[in-house]
Structure formats: structure tokens, C-alpha cells
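Reproduced below: structure28.pdb, with PDB, C-alpha atoms (C1' of nucleotides).
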```
ATOM      1  CA  MET A1349       0.000   0.000   0.000
ATOM      2  CA  GLU A1350       2.670   2.449   1.071
ATOM      3  CA  ARG A1351       4.894   0.601  -1.359
ATOM      4  CA  ASP A1352       2.287   1.117  -4.058
ATOM      5  CA  LEU A1353       2.403   4.863  -3.517
ATOM      6  CA  ASP A1354       6.202   4.808  -3.690
ATOM      7  CA  LEU A1355       6.075   3.097  -7.069
ATOM      8  CA  ILE A1356       3.229   5.183  -8.468
ATOM      9  CA  PHE A1357       4.626   8.580  -7.488
ATOM     10  CA  ALA A1358       8.157   7.607  -8.553
ATOM     11  CA  ALA A1359       6.806   6.473 -11.908
ATOM     12  CA  LEU A1360       4.941   9.756 -12.349
ATOM     13  CA  ALA A1361       7.994  11.844 -11.456
ATOM     14  CA  ASP A1362       9.582  11.404 -14.884
ATOM     15  CA  PRO A1363       8.402  13.618 -17.776
ATOM     16  CA  THR A1364       9.011  10.938 -20.411
ATOM     17  CA  ARG A1365       6.791   8.527 -18.514
ATOM     18  CA  ARG A1366       4.060  11.133 -18.057
ATOM     19  CA  ALA A1367       4.199  11.813 -21.789
ATOM     20  CA  ILE A1368       3.835   8.096 -22.475
ATOM     21  CA  LEU A1369       0.774   7.934 -20.230
ATOM     22  CA  ALA A1370      -0.731  10.880 -22.077
ATOM     23  CA  MET A1371      -0.191   9.084 -25.382
ATOM     24  CA  LEU A1372      -1.833   5.933 -24.040
ATOM     25  CA  LEU A1373      -4.799   8.023 -22.984
ATOM     26  CA  GLU A1374      -5.671   8.284 -26.669
ATOM     27  CA  ASP A1375      -5.254   4.640 -27.552
ATOM     28  CA  ASP A1376      -3.435   1.405 -26.818
ATOM     29  CA  MET A1377      -0.042   1.286 -28.504
ATOM     30  CA  ALA A1378       2.775  -1.085 -29.396
ATOM     31  CA  VAL A1379       6.160  -0.508 -27.752
ATOM     32  CA  THR A1380       7.782   0.600 -31.015
ATOM     33  CA  ASP A1381       5.025   3.119 -31.648
ATOM     34  CA  VAL A1382       5.318   4.481 -28.136
ATOM     35  CA  ALA A1383       9.030   4.974 -28.716
ATOM     36  CA  ALA A1384       8.670   6.696 -32.088
ATOM     37  CA  PRO A1385       8.214  10.336 -30.945
ATOM     38  CA  PHE A1386      11.081  10.220 -28.446
ATOM     39  CA  ALA A1387      14.751  10.912 -29.128
ATOM     40  CA  MET A1388      15.650   7.861 -27.123
ATOM     41  CA  SER A1389      16.605   4.270 -27.812
ATOM     42  CA  LEU A1390      13.912   1.618 -27.924
ATOM     43  CA  ALA A1391      15.545  -0.097 -24.954
ATOM     44  CA  GLY A1392      15.233   3.124 -22.982
ATOM     45  CA  ILE A1393      11.521   3.354 -23.682
ATOM     46  CA  SER A1394      11.137  -0.326 -22.895
ATOM     47  CA  LYS A1395      12.613   0.360 -19.456
ATOM     48  CA  HIS A1396      10.212   3.233 -18.882
ATOM     49  CA  LEU A1397       7.291   0.998 -19.850
ATOM     50  CA  GLY A1398       8.529  -1.620 -17.421
ATOM     51  CA  ILE A1399       8.531   0.936 -14.613
ATOM     52  CA  LEU A1400       5.015   2.078 -15.520
ATOM     53  CA  ALA A1401       3.834  -1.544 -15.593
ATOM     54  CA  THR A1402       5.454  -2.347 -12.237
ATOM     55  CA  ALA A1403       3.645   0.636 -10.753
ATOM     56  CA  GLY A1404       0.406  -0.715 -12.220
ATOM     57  CA  LEU A1405      -0.161   2.397 -14.301
ATOM     58  CA  ILE A1406      -0.203   0.390 -17.528
ATOM     59  CA  SER A1407      -0.606  -3.231 -18.506
ATOM     60  CA  GLN A1408       1.230  -4.989 -21.300
ATOM     61  CA  GLU A1409      -0.143  -7.821 -23.362
ATOM     62  CA  ARG A1410       1.856  -9.694 -25.965
ATOM     63  CA  ARG A1411      -0.004 -10.553 -29.157
ATOM     64  CA  GLY A1412       2.250 -12.208 -31.680
ATOM     65  CA  ARG A1413       5.521 -10.327 -31.686
ATOM     66  CA  VAL A1414       3.826  -7.082 -30.746
ATOM     67  CA  LYS A1415       3.456  -6.061 -27.099
ATOM     68  CA  TRP A1416       0.475  -3.826 -26.582
ATOM     69  CA  CYS A1417       0.513  -1.199 -23.867
ATOM     70  CA  LYS A1418      -2.736  -0.163 -22.228
ATOM     71  CA  LEU A1419      -3.408   2.567 -19.710
ATOM     72  CA  GLU A1420      -4.669   1.337 -16.326
ATOM     73  CA  PRO A1421      -6.301   4.424 -14.816
ATOM     74  CA  ASP A1422      -7.324   2.645 -11.620
ATOM     75  CA  ALA A1423      -3.760   2.642 -10.342
ATOM     76  CA  MET A1424      -3.833   6.399 -10.168
ATOM     77  CA  ARG A1425      -6.903   6.388  -8.020
ATOM     78  CA  GLU A1426      -5.046   5.222  -4.936
ATOM     79  CA  ALA A1427      -2.568   8.049  -5.270
ATOM     80  CA  SER A1428      -5.316  10.517  -6.065
ATOM     81  CA  ILE A1429      -7.264   9.528  -2.966
ATOM     82  CA  TRP A1430      -4.161   9.950  -0.844
ATOM     83  CA  MET A1431      -3.594  13.407  -2.290
ATOM     84  CA  GLN A1432      -7.148  14.517  -1.767
ATOM     85  CA  ALA A1433      -6.669  14.223   1.972
ATOM     86  CA  PHE A1434      -4.436  17.267   1.687
ATOM     87  CA  GLY A1435      -6.991  19.949   1.458
ATOM     88  CA  GLN A1436      -7.981  19.983  -2.141
ATOM     89  CA  PHE A1437     -11.590  19.390  -1.243
ATOM     90  CA  GLU A1438     -11.403  20.472   2.346
ATOM     91  CA  ALA A1439     -13.777  23.355   1.755
ATOM     92  CA  ILE A1440     -16.471  21.338   0.057
ATOM     93  CA  ASN A1441     -19.173  19.163   1.432
ATOM     94  CA  LEU A1442     -17.878  15.646   0.970
ATOM     95  CA  ASP A1443     -21.260  14.053   1.499
ATOM     96  CA  ALA A1444     -22.685  16.217  -1.225
ATOM     97  CA  PHE A1445     -19.726  15.340  -3.411
ATOM     98  CA  GLU A1446     -20.384  11.651  -2.934
ATOM     99  CA  ARG A1447     -24.028  12.106  -3.778
ATOM    100  CA  PHE A1448     -22.958  14.059  -6.844
ATOM    101  CA  LEU A1449     -20.681  11.211  -7.911
ATOM    102  CA  GLU A1450     -23.380   8.629  -7.285
ATOM    103  CA  VAL A1451     -25.717  10.473  -9.597
ATOM    104  CA  GLU A1452     -23.082  11.108 -12.219
ATOM    105  CA  LEU A1453     -21.716   7.587 -12.251
ATOM    106  CA  ALA A1454     -25.089   5.850 -12.134
ATOM    107  CA  PRO A1455     -26.286   3.990 -15.245
ATOM    108  CA  GLN A1456     -27.770   6.904 -17.104
ATOM    109  CA  GLN A1457     -31.452   6.284 -17.831
ATOM    110  CA  ASP A1458     -31.941   9.922 -18.728
ATOM    111  CA  ASP A1459     -29.482   9.707 -21.576
ATOM    112  CA  ALA A1460     -31.731   7.303 -23.460
ATOM    113  CA  ASN A1461     -33.459  10.233 -25.116
ATOM    114  CA  THR A1462     -30.346  12.386 -25.367
ATOM    115  CA  PRO A1463     -29.528  13.029 -29.008
ATOM    116  CA  PRO A1464     -26.326  11.213 -30.008
ATOM    117  CA  GLY A1465     -23.131  13.250 -30.271
TER
ATOM    118  CA  MET B1202       4.943  23.533 -15.142
ATOM    119  CA  GLU B1203       6.261  20.194 -16.318
ATOM    120  CA  ARG B1204       9.175  20.874 -13.993
ATOM    121  CA  ASP B1205       6.700  21.507 -11.177
ATOM    122  CA  LEU B1206       5.184  18.080 -11.684
ATOM    123  CA  ASP B1207       8.643  16.516 -11.679
ATOM    124  CA  LEU B1208       9.408  18.073  -8.319
ATOM    125  CA  ILE B1209       6.025  17.388  -6.766
ATOM    126  CA  PHE B1210       5.778  13.743  -7.787
ATOM    127  CA  ALA B1211       9.420  13.086  -6.886
ATOM    128  CA  ALA B1212       8.854  14.665  -3.482
ATOM    129  CA  LEU B1213       5.790  12.489  -2.922
ATOM    130  CA  ALA B1214       7.600   9.301  -3.944
ATOM    131  CA  ASP B1215       9.393   8.993  -0.595
ATOM    132  CA  PRO B1216       7.513   7.453   2.376
ATOM    133  CA  THR B1217       9.330   9.592   4.946
ATOM    134  CA  ARG B1218       8.269  12.742   3.130
ATOM    135  CA  ARG B1219       4.674  11.561   2.825
ATOM    136  CA  ALA B1220       4.678  10.837   6.557
ATOM    137  CA  ILE B1221       5.966  14.354   7.219
ATOM    138  CA  LEU B1222       3.172  15.828   5.114
ATOM    139  CA  ALA B1223       0.626  13.787   7.054
ATOM    140  CA  MET B1224       2.029  15.138  10.309
ATOM    141  CA  LEU B1225       1.831  18.703   9.036
ATOM    142  CA  LEU B1226      -1.787  18.095   8.123
ATOM    143  CA  GLU B1227      -2.514  18.175  11.852
ATOM    144  CA  ASP B1228      -0.565  21.288  12.684
ATOM    145  CA  ASP B1229       2.437  23.445  11.845
ATOM    146  CA  MET B1230       5.647  22.072  13.363
ATOM    147  CA  ALA B1231       9.245  23.002  14.110
ATOM    148  CA  VAL B1232      11.979  21.069  12.313
ATOM    149  CA  THR B1233      13.123  19.331  15.502
ATOM    150  CA  ASP B1234       9.584  18.206  16.289
ATOM    151  CA  VAL B1235       9.112  16.909  12.767
ATOM    152  CA  ALA B1236      12.284  14.885  13.164
ATOM    153  CA  ALA B1237      11.377  13.420  16.566
ATOM    154  CA  PRO B1238       9.352  10.339  15.500
ATOM    155  CA  PHE B1239      11.876   9.262  12.867
ATOM    156  CA  ALA B1240      14.922   7.068  13.370
ATOM    157  CA  MET B1241      16.955   9.468  11.305
ATOM    158  CA  SER B1242      19.376  12.297  11.916
ATOM    159  CA  LEU B1243      18.104  15.854  12.127
ATOM    160  CA  ALA B1244      20.174  16.725   9.074
ATOM    161  CA  GLY B1245      18.415  13.971   7.154
ATOM    162  CA  ILE B1246      14.989  15.330   8.025
ATOM    163  CA  SER B1247      16.191  18.835   7.224
ATOM    164  CA  LYS B1248      17.075  17.633   3.733
ATOM    165  CA  HIS B1249      13.646  16.070   3.284
ATOM    166  CA  LEU B1250      11.998  19.308   4.373
ATOM    167  CA  GLY B1251      14.133  21.177   1.852
ATOM    168  CA  ILE B1252      12.904  18.892  -0.918
ATOM    169  CA  LEU B1253       9.281  19.367   0.153
ATOM    170  CA  ALA B1254       9.770  23.136   0.254
ATOM    171  CA  THR B1255      11.415  23.206  -3.195
ATOM    172  CA  ALA B1256       8.437  21.302  -4.545
ATOM    173  CA  GLY B1257       6.158  23.893  -2.948
ATOM    174  CA  LEU B1258       4.409  21.308  -0.803
ATOM    175  CA  ILE B1259       5.367  23.092   2.402
ATOM    176  CA  SER B1260       6.593  26.537   3.369
ATOM    177  CA  GLN B1261       9.128  27.318   6.059
ATOM    178  CA  GLU B1262       9.185  30.442   8.190
ATOM    179  CA  ARG B1263      11.916  31.243  10.666
ATOM    180  CA  ARG B1264      10.755  32.752  13.977
ATOM    181  CA  GLY B1265      13.601  33.218  16.406
ATOM    182  CA  ARG B1266      15.758  30.141  16.228
ATOM    183  CA  VAL B1267      12.795  27.940  15.388
ATOM    184  CA  LYS B1268      11.852  27.246  11.777
ATOM    185  CA  TRP B1269       8.182  26.487  11.413
ATOM    186  CA  CYS B1270       6.987  24.136   8.686
ATOM    187  CA  LYS B1271       3.548  24.611   7.206
ATOM    188  CA  LEU B1272       1.654  22.461   4.750
ATOM    189  CA  GLU B1273       0.879  24.160   1.422
ATOM    190  CA  PRO B1274      -1.985  22.086   0.021
ATOM    191  CA  ASP B1275      -2.287  24.160  -3.151
ATOM    192  CA  ALA B1276       0.878  22.657  -4.579
ATOM    193  CA  MET B1277      -0.798  19.296  -4.721
ATOM    194  CA  ARG B1278      -3.653  20.659  -6.758
ATOM    195  CA  GLU B1279      -1.607  20.948  -9.938
ATOM    196  CA  ALA B1280      -0.574  17.328  -9.662
ATOM    197  CA  SER B1281      -4.071  16.262  -8.732
ATOM    198  CA  ILE B1282      -5.546  18.017 -11.735
ATOM    199  CA  TRP B1283      -3.018  16.332 -13.983
ATOM    200  CA  MET B1284      -3.943  12.950 -12.539
ATOM    201  CA  GLN B1285      -7.649  13.485 -12.881
ATOM    202  CA  ALA B1286      -7.265  13.568 -16.642
ATOM    203  CA  PHE B1287      -6.518   9.853 -16.443
ATOM    204  CA  GLY B1288      -9.922   8.444 -16.122
ATOM    205  CA  GLN B1289     -10.798   8.935 -12.522
ATOM    206  CA  PHE B1290     -13.680  11.209 -13.394
ATOM    207  CA  GLU B1291     -13.934  10.307 -17.046
ATOM    208  CA  ALA B1292     -17.453   8.985 -16.649
ATOM    209  CA  ILE B1293     -18.837  12.093 -14.987
ATOM    210  CA  ASN B1294     -20.112  15.280 -16.456
ATOM    211  CA  LEU B1295     -17.237  17.691 -16.037
ATOM    212  CA  ASP B1296     -19.405  20.753 -16.605
ATOM    213  CA  ALA B1297     -21.698  19.610 -13.853
ATOM    214  CA  PHE B1298     -18.684  18.916 -11.684
ATOM    215  CA  GLU B1299     -17.420  22.439 -12.194
ATOM    216  CA  ARG B1300     -20.803  23.881 -11.330
ATOM    217  CA  PHE B1301     -20.828  21.686  -8.247
ATOM    218  CA  LEU B1302     -17.419  22.990  -7.209
ATOM    219  CA  GLU B1303     -18.466  26.573  -7.855
ATOM    220  CA  VAL B1304     -21.373  26.193  -5.507
ATOM    221  CA  GLU B1305     -19.404  24.324  -2.897
ATOM    222  CA  LEU B1306     -16.423  26.640  -2.954
ATOM    223  CA  ALA B1307     -18.454  29.847  -3.105
ATOM    224  CA  PRO B1308     -17.981  32.232  -0.166
ATOM    225  CA  GLN B1309     -20.434  30.981   2.377
ATOM    226  CA  GLN B1310     -22.980  33.475   3.686
ATOM    227  CA  ASP B1311     -22.898  31.752   7.065
ATOM    228  CA  ASP B1312     -19.270  32.690   7.409
ATOM    229  CA  ALA B1313     -19.989  36.390   6.955
ATOM    230  CA  ASN B1314     -19.331  37.008  10.619
ATOM    231  CA  THR B1315     -16.038  35.161  10.565
ATOM    232  CA  PRO B1316     -13.209  37.529  11.540
ATOM    233  CA  PRO B1317     -10.892  38.313   8.613
ATOM    234  CA  GLY B1318      -7.832  36.033   8.490
TER
ATOM    235  C1'  DG C 344      14.815 -21.576 -44.857
ATOM    236  C1'  DG C 345      16.091 -16.908 -44.560
ATOM    237  C1'  DC C 346      15.430 -12.365 -43.233
ATOM    238  C1'  DA C 347      13.290  -8.284 -41.291
ATOM    239  C1'  DT C 348      10.538  -6.852 -37.262
ATOM    240  C1'  DA C 349       9.623  -6.288 -32.326
ATOM    241  C1'  DC C 350      11.211  -6.346 -28.415
ATOM    242  C1'  DT C 351      14.266  -7.623 -23.985
ATOM    243  C1'  DC C 352      18.455  -8.457 -21.373
ATOM    244  C1'  DA C 353      22.995  -7.482 -19.460
ATOM    245  C1'  DA C 354      26.586  -4.549 -18.796
ATOM    246  C1'  DC C 355      28.133  -0.230 -18.357
ATOM    247  C1'  DC C 356      28.151   4.977 -17.450
ATOM    248  C1'  DG C 357      27.588   9.411 -15.040
ATOM    249  C1'  DA C 358      24.256  11.734 -12.143
ATOM    250  C1'  DT C 359      21.205  11.874  -8.517
ATOM    251  C1'  DC C 360      19.198  10.058  -4.120
ATOM    252  C1'  DG C 361      18.855   8.998   0.760
ATOM    253  C1'  DG C 362      21.406   8.950   4.493
ATOM    254  C1'  DT C 363      25.437   9.730   7.716
ATOM    255  C1'  DT C 364      28.912  12.521  10.339
ATOM    256  C1'  DG C 365      31.276  16.682  11.886
ATOM    257  C1'  DA C 366      31.704  21.400  11.861
ATOM    258  C1'  DC C 367      29.441  25.558  11.964
ATOM    259  C1'  DA C 368      26.073  29.736  12.697
ATOM    260  C1'  DA C 369      22.474  31.866  14.992
ATOM    261  C1'  DT C 370      19.374  32.424  18.722
ATOM    262  C1'  DG C 371      17.597  32.430  23.540
ATOM    263  C1'  DG C 372      17.870  31.547  28.651
ATOM    264  C1'  DC C 373      20.425  32.115  32.808
TER
ATOM    265  C1'  DG D  77      29.257  36.007  28.986
ATOM    266  C1'  DC D  78      28.346  31.295  28.724
ATOM    267  C1'  DC D  79      26.081  27.458  27.259
ATOM    268  C1'  DA D  80      22.333  24.677  25.443
ATOM    269  C1'  DT D  81      19.035  24.601  21.593
ATOM    270  C1'  DT D  82      17.908  24.797  16.723
ATOM    271  C1'  DG D  83      19.053  24.123  12.376
ATOM    272  C1'  DT D  84      22.063  24.142   8.077
ATOM    273  C1'  DC D  85      26.171  23.078   5.266
ATOM    274  C1'  DA D  86      29.786  20.293   3.173
ATOM    275  C1'  DA D  87      31.741  16.115   2.350
ATOM    276  C1'  DC D  88      31.265  11.561   1.925
ATOM    277  C1'  DC D  89      29.038   6.828   1.079
ATOM    278  C1'  DG D  90      26.528   3.113  -1.256
ATOM    279  C1'  DA D  91      22.390   2.457  -3.971
ATOM    280  C1'  DT D  92      19.377   3.663  -7.430
ATOM    281  C1'  DC D  93      18.163   6.194 -11.764
ATOM    282  C1'  DG D  94      18.054   7.387 -16.632
ATOM    283  C1'  DG D  95      20.233   6.411 -20.471
ATOM    284  C1'  DT D  96      23.375   3.959 -23.847
ATOM    285  C1'  DT D  97      25.208   0.009 -26.654
ATOM    286  C1'  DG D  98      25.484  -4.723 -28.205
ATOM    287  C1'  DA D  99      23.863  -9.062 -28.242
ATOM    288  C1'  DG D 100      20.108 -12.188 -28.137
ATOM    289  C1'  DT D 101      15.195 -14.151 -28.595
ATOM    290  C1'  DA D 102      10.758 -14.681 -30.569
ATOM    291  C1'  DT D 103       7.700 -13.974 -34.207
ATOM    292  C1'  DG D 104       5.886 -13.195 -38.849
ATOM    293  C1'  DC D 105       6.483 -12.723 -43.932
ATOM    294  C1'  DC D 106       8.109 -14.308 -48.358
TER
END
```
Could you quickly redo this structure as C-alpha cells?
Amino acid sequence: MERDLDLIFAALADPTRRAILAMLLEDDMAVTDVAAPFAMSLAGISKHLGILATAGLISQERRGRVKWCKLEPDAMREASIWMQAFGQFEAINLDAFERFLEVELAPQQDDANTPPG
Amino acid sequence: MERDLDLIFAALADPTRRAILAMLLEDDMAVTDVAAPFAMSLAGISKHLGILATAGLISQERRGRVKWCKLEPDAMREASIWMQAFGQFEAINLDAFERFLEVELAPQQDDANTPPG
DNA sequence: GGCATACTCAACCGATCGGTTGACAATGGC
DNA sequence: GCCATTGTCAACCGATCGGTTGAGTATGCC
């Protein structure tokens, strides 16, 4: 748990790794494609991906000779919850916030008649 | 900005520093008192406090020969905002969330008789 | 089979990190 | 004035970090 936070925050402390996460936000990617925009060796990127995977921030699945990298947003939640203890929401009504989330995250019946787009 | 995130996440990646932040959540503290619970030299703790201060997570004010350490929760907001892009609130209506925050963070009428800080 | 593609591993490098010790500076109490 | 308290600085130490290169392993295509 504490160890998790060590790994997650350490992983997030590097700008290359944050950039990789931002790329994976758009879509899953192969290792080679992740590496393409960076002026860095493929092995270097592979190391970064290993660190992100160890922290649980991404998962990697091999299909054929291609290893696909996928963002795992849940891992950030633990860190985010820890951070939120430090005053970010101290001024707001947490009960109301939870009710707000409940409504927002509920299966959305109302959207059945919402026009698509 | 990117540099800020480097410093903040790196500062948060150490368990001793996170423990210090948790202590400061309760109250402002002198350097010696911060150091007390740890099996570490005062100089070691002083270094950690320097790292937290550089990251903007705490501020330090010298009064007499005592240096008081104070949590600065705002610094975490930047990092928290960055993290929230990664799916934690992806399913909720961000406009509604902003309106919710506006209401919750609005100056509260009930506090009108609070003495100015 | 042969070859290009897609990675990983091991070894190495300099820089930084987390921690120590010892000396030092500044302040406050008696 | 003297001394304890409070805290920092500089130097050092081993470990880890971010990156490289070179070799090696699967896999897929022709």
C-alpha cells in the first residue's frame, strides 16, 4: 500500500513517462510506436514501460511479436485519494460530493433520449 | 509547469516525506519536532523538508531560532488536476462537476461574521 | 529456410538520491 | 558572557536512476 504509492509517485515523477501515459490516454499502442516520438533508444523506452507496468499504471499484453501497452487508470486512483486528503476538497461538502458522484456515475437512464453526439 | 510536476511527484515518492506531510496536516511544526518520531538524523529530516519546500508542498518560516513548517496544500492541486485527466472522473459530467465545485467553494454566507484572516 | 521486425536483457556509465557525520552559525535563557 | 538549543552546510558513502550500446530471442512474412 505504502509501497504502491512509492512506485506510483516515482513512476509519475519522470516527464518521459508522463508523456507516455498521455499518449496511451488516446489509444493502446505497441512498444515501437510508443518509442517513435522520443529521441531515445527503444531499450530506454522499454525500461520506462517496465517501470510504468510495475507501478500498475499500464498493462502490457503480448499478441504475436507485438506487445500492446494499455493505460490502467485505476492505479492512479489510490494516489489521487491519498492526495485529496491534503486539502484539495477540504472546503467542500464531501457528502454532497459523494451524492454528486453517485448520480453522475449511475447507469444513465436519462441519456436514453439524449440526441447522439 | 512540467518541472513543477517533476518536483512534486518526486517529493511524494518517498515514504518519509509523505509521513511528514501527514504530520503537518494536523498542525504546523518546528523542524526538531518533525524529526522526533523518525529514526533518522536531524540533518536527514532537514534535507527532506528542503525537498518538500522546493516542490512547494510546504513553506518554512523562521521565527527566532525555530523554523516552522507549514503544509501548502495548493501545490498538490496541480498534480491532482493532472492525474484526474486519467480516467478517474472520465465517466462524470465535467461541466456539472465544475458547477458543483463553484457552488461548494463559493464564499459561504454563514461565514460572513467570521473575523478576517 | 532466410530475413526483417519487435522487443528484452545485461553490462556499463555518469548523475542523482537517501542517508550519515562533523563542523558551523544563529538564537535564547540564565 | 556562557552554554544549550535549533538548524544548516559540506563532504562523503553506497544504492538507485536514466540512459546507452550490443547481443540475443521470438515472431511473422516471403
message: At a cut-off of 10 Å, which residues of chain C touch chain A? Count all atoms listed in the file and give the answer as a count of residues only.
response: 5
Compile the contact shell of region 95-99 of chain D as a compact mmCIF listing (two decimals) with C-alpha atoms (C1' of nucleotides), in the coordinates of the input: residues with an atom at most 12 Å away, counting all atoms listed in the file, same-chain residues fewer than 2 positions apart removed.
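Okay, around-v7.txt is ready:
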```
# COMPACT_ATOMS: atom_id res chain seq x y z
CA ALA A 1387 14.75 10.91 -29.13
CA MET A 1388 15.65 7.86 -27.12
CA SER A 1389 16.60 4.27 -27.81
CA LEU A 1390 13.91 1.62 -27.92
CA ALA A 1391 15.54 -0.10 -24.95
CA GLY A 1392 15.23 3.12 -22.98
CA ILE A 1393 11.52 3.35 -23.68
CA SER A 1394 11.14 -0.33 -22.90
CA LYS A 1395 12.61 0.36 -19.46
CA HIS A 1396 10.21 3.23 -18.88
C1' DT C 351 14.27 -7.62 -23.98
C1' DC C 352 18.45 -8.46 -21.37
C1' DA C 353 23.00 -7.48 -19.46
C1' DA C 354 26.59 -4.55 -18.80
C1' DC C 355 28.13 -0.23 -18.36
C1' DC C 356 28.15 4.98 -17.45
C1' DG C 357 27.59 9.41 -15.04
C1' DA C 358 24.26 11.73 -12.14
C1' DC D 93 18.16 6.19 -11.76
C1' DT D 101 15.20 -14.15 -28.60
```
- prompt: Please, what distance in Å, to one decimal, runs between CA of Arg1410 (chain A) and CA of Met1377 (chain A)?
  reply: 11.4 Å
query: Mind pulling up the distance from CA of Ala1280 (chain B) to CA of Ile1209 (chain B)?
result: 7.2 Å
Using the chain letters and residue numbers of this document, give as a tab-separated table (two decimals) with C-alpha atoms (C1' of nucleotides), in the coordinates of the input the residues selected by the PyMOL selection byres ((chain C and resi 371) around 10).
```tsv
chain	number	residue	atom	x	y	z
B	1265	GLY	CA	13.60	33.22	16.41
B	1266	ARG	CA	15.76	30.14	16.23
C	369	DA	C1'	22.47	31.87	14.99
C	370	DT	C1'	19.37	32.42	18.72
C	372	DG	C1'	17.87	31.55	28.65
C	373	DC	C1'	20.42	32.12	32.81
D	80	DA	C1'	22.33	24.68	25.44
D	81	DT	C1'	19.04	24.60	21.59
```
Spatial neighbours of DT92 (chain D), 10 Å, only C-alpha atoms (C1' of nucleotides), chain gap at least 3 places, as a short mmCIF file (atom, residue, chain, number, x, y, z; two decimals) with C-alpha atoms (C1' of nucleotides), in the coordinates of the input:
```cif
data_model
loop_
_atom_site.label_atom_id
_atom_site.label_comp_id
_atom_site.auth_asym_id
_atom_site.auth_seq_id
_atom_site.Cartn_x
_atom_site.Cartn_y
_atom_site.Cartn_z
"C1'" DT C 359 21.20 11.87 -8.52
"C1'" DC C 360 19.20 10.06 -4.12
"C1'" DG C 361 18.86 9.00 0.76
#
```
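What separates CA of Asp1229 (chain B) from CA of Ala1359 (chain A) is a distance of 29.5 Å.
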